[in-house]
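Accompanying notes for the structure given below.
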Amino acid sequence: MKPVIGITCDYEAEGMQPYSFTYRDYSDAIIAAHGIPVLLPVMKDTNTAGLLLEKIDGLLLTGGDDVPPQRYGEEPHKKTICIHPDRDIFDHALICVALRMKKPVLAICYGAQLVNVVLGGSLIQDIQSEGMSPLAHKDLRNRRYTHTVTVEKNSILYKIIGKEHVETNSVHHQAIRRLGKGLKGTARTPDGIIEAVELQDYPFLVGVQWHPERMADFPCHAALFRALVKASVSR
Ligand code: MN
């Protein structure tokens, strides 16, 4: 049986009818990795998070706007654009329950930042304003190659990707500052920005700061989705 992978949605409530949505690249990447993608709509009732998780084998946390800084005890920076409050509450519930249930998780961009915050970590609210990096991390052209990351050899990520230097895209303006409990930084750019994390003593939780779904025609990026699907088999 192919495992069912739940994919979190973004949420828009500006118009007459609020809607959940996400980009097709995510589900295409799961299909290519031989999983069954299912979109998880944003809902008010957080109890639904647990019911959904019982039906899925693995969880893909997608990208989005910023984690509300109140979650890690800071006031918002002027460059911070918070995720819709309904998505924030639902995603938060989903991650908490998923961790309790030991579900395999692949977290991308905002998803990785949120996992870090859920585990008690904090974020750099705007890399550029803080003068943290000479590298451009928010590449608005969404190029397929923005910078290279160096992967720690002693990591799940290295086992998945199979190489030490990986060319990635980069469309984030925030990054992990203090690592959450149990998280290990497993890839960095030359400027020291954490580009990947994994949760230690856990079946499978890998977070990346880049968007592998947009480069899934490269074997090293597609491998992340295969690893999630593999970890989700027969659970
Ligand atoms: Mn980057």
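Starting from 1 in every chain, residues are counted up; chains themselves are A, B, ... following the order of the structure tokens, and ligands are numbered from 1 as listed.
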DSSP-assigned strand (DSSP E) among region 8-130 of chain A, expressed as a tab-separated table (two decimals) with C-alpha atoms, in the first residue's frame:
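Listed below is the output, result-v8.tsv:
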chain	number	residue	atom	x	y	z
A	8	THR	CA	-0.85	21.49	4.75
A	10	ASP	CA	-2.29	28.04	2.87
A	11	TYR	CA	-5.39	30.07	3.68
A	12	GLU	CA	-6.93	33.15	2.13
A	19	TYR	CA	-10.38	29.15	0.83
A	20	SER	CA	-7.56	26.72	1.54
A	21	PHE	CA	-5.05	26.11	-1.24
A	36	ILE	CA	-0.71	9.47	-2.15
A	37	PRO	CA	-1.06	13.21	-1.57
A	38	VAL	CA	-4.06	14.57	0.37
A	39	LEU	CA	-4.57	18.26	1.02
A	40	LEU	CA	-5.47	19.15	4.62
A	58	GLY	CA	3.08	11.15	6.92
A	59	LEU	CA	2.92	14.92	6.97
A	60	LEU	CA	4.29	17.50	4.54
A	61	LEU	CA	4.42	21.00	6.05
A	105	VAL	CA	7.33	14.90	8.89
A	106	LEU	CA	9.00	16.80	6.06
A	107	ALA	CA	8.88	20.54	6.79
A	108	ILE	CA	9.60	23.14	4.12
A	123	LEU	CA	13.68	32.98	14.53
A	124	ILE	CA	15.70	35.75	12.93
> Neighbours of ligand 1 within 10 Å, counting only C-alpha atoms and all ligand atoms, as a PyMOL selection string?
Replying inline: chain A and resi 109+127+133+135-139+146-149+168-175+188-189+191+193-196+208-211
Output for the residues just chosen: N, CA, C and O atoms as a tab-separated table (two decimals), in the first residue's frame:
chain	number	residue	atom	x	y	z
A	109	CYS	N	10.52	25.34	4.48
A	109	CYS	CA	10.56	26.81	4.63
A	109	CYS	C	9.80	27.26	5.89
A	109	CYS	O	10.25	26.98	6.99
A	127	ILE	N	16.54	38.55	7.93
A	127	ILE	CA	17.99	38.31	7.80
A	127	ILE	C	18.70	39.58	7.35
A	127	ILE	O	19.71	39.98	7.91
A	133	SER	N	23.71	38.48	6.94
A	133	SER	CA	24.25	37.71	5.84
A	133	SER	C	24.56	38.56	4.62
A	133	SER	O	23.76	39.42	4.23
A	135	LEU	N	24.74	37.13	1.83
A	135	LEU	CA	24.10	36.36	0.76
A	135	LEU	C	22.65	36.79	0.61
A	135	LEU	O	22.00	37.15	1.58
A	136	ALA	N	22.13	36.73	-0.61
A	136	ALA	CA	20.70	36.97	-0.81
A	136	ALA	C	19.96	35.68	-0.52
A	136	ALA	O	20.19	34.67	-1.18
A	137	HIS	N	19.11	35.69	0.51
A	137	HIS	CA	18.32	34.49	0.81
A	137	HIS	C	16.90	34.61	0.27
A	137	HIS	O	16.24	33.63	0.04
A	138	LYS	N	16.44	35.88	0.12
A	138	LYS	CA	15.11	36.04	-0.45
A	138	LYS	C	15.28	36.43	-1.91
A	138	LYS	O	15.40	37.59	-2.28
A	139	ASP	N	15.32	35.43	-2.74
A	139	ASP	CA	15.53	35.62	-4.16
A	139	ASP	C	14.15	35.72	-4.81
A	139	ASP	O	13.49	34.73	-5.07
A	146	THR	N	20.05	29.64	-6.05
A	146	THR	CA	20.38	30.90	-5.38
A	146	THR	C	21.70	30.79	-4.64
A	146	THR	O	22.56	31.66	-4.75
A	147	HIS	N	21.85	29.71	-3.86
A	147	HIS	CA	23.10	29.54	-3.12
A	147	HIS	C	23.34	28.05	-2.85
A	147	HIS	O	22.45	27.23	-3.03
A	148	THR	N	24.54	27.76	-2.40
A	148	THR	CA	24.90	26.38	-2.08
A	148	THR	C	24.82	26.20	-0.56
A	148	THR	O	25.18	27.11	0.19
A	149	VAL	N	24.32	25.04	-0.13
A	149	VAL	CA	24.36	24.73	1.30
A	149	VAL	C	25.32	23.57	1.54
A	149	VAL	O	25.51	22.71	0.68
A	168	THR	N	20.76	25.08	-3.99
A	168	THR	CA	19.34	25.22	-3.65
A	168	THR	C	18.81	26.58	-4.12
A	168	THR	O	19.57	27.51	-4.36
A	169	ASN	N	17.49	26.64	-4.19
A	169	ASN	CA	16.84	27.94	-4.34
A	169	ASN	C	16.75	28.57	-2.93
A	169	ASN	O	17.10	27.92	-1.94
A	170	SER	N	16.28	29.79	-2.85
A	170	SER	CA	16.17	30.44	-1.53
A	170	SER	C	15.17	31.59	-1.65
A	170	SER	O	15.42	32.55	-2.37
A	171	VAL	N	14.03	31.45	-0.97
A	171	VAL	CA	13.02	32.51	-1.05
A	171	VAL	C	12.53	32.90	0.35
A	171	VAL	O	11.41	33.30	0.53
A	172	HIS	N	13.43	32.76	1.33
A	172	HIS	CA	13.05	33.09	2.70
A	172	HIS	C	13.73	34.37	3.15
A	172	HIS	O	14.82	34.68	2.69
A	173	HIS	N	13.06	35.14	4.03
A	173	HIS	CA	13.72	36.33	4.60
A	173	HIS	C	13.96	36.13	6.10
A	173	HIS	O	14.64	36.91	6.73
A	174	GLN	N	13.37	35.03	6.64
A	174	GLN	CA	13.61	34.70	8.04
A	174	GLN	C	14.44	33.43	8.11
A	174	GLN	O	14.61	32.73	7.12
A	175	ALA	N	14.96	33.13	9.29
A	175	ALA	CA	15.75	31.90	9.47
A	175	ALA	C	15.72	31.52	10.95
A	175	ALA	O	15.32	32.32	11.80
A	188	ARG	N	24.06	24.35	6.38
A	188	ARG	CA	24.24	25.79	6.53
A	188	ARG	C	24.78	26.39	5.25
A	188	ARG	O	25.43	25.71	4.46
A	189	THR	N	24.51	27.70	5.09
A	189	THR	CA	25.16	28.45	4.01
A	189	THR	C	26.49	28.96	4.57
A	189	THR	O	26.69	28.96	5.79
A	191	ASP	N	27.45	31.79	5.20
A	191	ASP	CA	27.24	32.89	6.16
A	191	ASP	C	26.72	32.39	7.52
A	191	ASP	O	26.43	33.18	8.41
A	193	ILE	N	23.86	30.73	8.16
A	193	ILE	CA	22.41	30.58	8.29
A	193	ILE	C	22.06	29.09	8.26
A	193	ILE	O	22.56	28.33	7.41
A	194	ILE	N	21.20	28.67	9.20
A	194	ILE	CA	20.77	27.26	9.26
A	194	ILE	C	19.79	27.01	8.12
A	194	ILE	O	18.77	27.69	8.01
A	195	GLU	N	20.10	26.05	7.28
A	195	GLU	CA	19.27	25.77	6.10
A	195	GLU	C	18.54	24.43	6.21
A	195	GLU	O	17.70	24.13	5.37
A	196	ALA	N	18.88	23.62	7.22
A	196	ALA	CA	18.15	22.36	7.41
A	196	ALA	C	18.27	21.92	8.86
A	196	ALA	O	19.25	22.23	9.54
A	208	VAL	N	13.72	21.71	5.84
A	208	VAL	CA	14.67	22.44	4.97
A	208	VAL	C	14.16	23.85	4.74
A	208	VAL	O	12.95	24.09	4.70
A	209	GLN	N	15.10	24.76	4.60
A	209	GLN	CA	14.74	26.17	4.43
A	209	GLN	C	14.45	26.50	2.96
A	209	GLN	O	13.79	27.47	2.65
A	210	TRP	N	14.91	25.65	2.06
A	210	TRP	CA	14.66	25.90	0.62
A	210	TRP	C	13.39	25.17	0.18
A	210	TRP	O	12.68	24.58	0.98
A	211	HIS	N	13.11	25.27	-1.13
A	211	HIS	CA	11.89	24.66	-1.68
A	211	HIS	C	12.25	23.51	-2.63
A	211	HIS	O	12.30	23.71	-3.85
>> For a test of reading the model, state the distance in Å between CA of Ala32 (chain A) and CA of Arg214 (chain A), rounded to one decimal.
In response: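 Separating CA of Ala32 (chain A) from CA of Arg214 (chain A) is a distance of 13.0 Å.
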> A:Cys220, A:Val97, A:Ala13, A:Met215: which is nearest Ala29 (chain A), counting only C-alpha atoms?
Replying inline: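 Closest to Ala29 (chain A), using only C-alpha atoms: A:Met215.
Comparing A:Val4, A:Val115, A:Ile161, A:Leu53 by their smallest distance to Ala223 (chain A), the closest is A:Ile161 (using only C-alpha atoms).
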>> Between A:Gly185, A:Pro18, A:Gly64, A:Gly120, which residue has the minimum interatomic distance to Thr150 (chain A), considering only C-alpha atoms?
In response: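 Going through A:Gly185, A:Pro18, A:Gly64, A:Gly120 one by one, the smallest distance to Thr150 (chain A) is for A:Gly185.
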>> So that I can check the secondary structure, give me every residue of chain A assigned alpha helix (DSSP H) by backbone DSSP, as number ranges by chain.
In response: A: 24-32, 47-55, 85-100, 110-118, 156-161, 219-232
> Quick one: distance from CA of Ile95 (chain A) to CA of Leu119 (chain A) in Å, one decimal?
Replying inline: 9.8 Å
> Quick one: of A:Pro68, A:Lys230, A:Leu99, A:Pro190, who's nearest to Leu205 (chain A), counting only C-alpha atoms?
Replying inline: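 Closest to Leu205 (chain A) of all the choices is A:Leu99.
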> So which residues touch Asp28 (chain A) within 9 Å, counting only C-alpha atoms, skipping near sequence neighbours fewer than 3 positions away, as a list in words?
Replying inline: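 Within the cut-off, the hits are Arg24, Asp25, Ile31, Ala32, Ala33, Pro37, Glu213 and Ala216 of chain A.
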> So which one's closest to Val233 (chain A), A:Leu140, A:Ile5, A:Ile81, A:Val166? Using only C-alpha atoms, please.
Replying inline: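 With only C-alpha atoms as the atom set, the closest residue is A:Ile5.
Comparing A:Pro69, A:Cys82, A:Gly192, A:Gly162 by their smallest distance to Pro134 (chain A), the closest is A:Gly192 (using only C-alpha atoms).
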>> Between CA of Leu157 (chain A) and CA of Ala222 (chain A), what is the distance in Å, rounded to a tenth?
In response: 12.4 Å
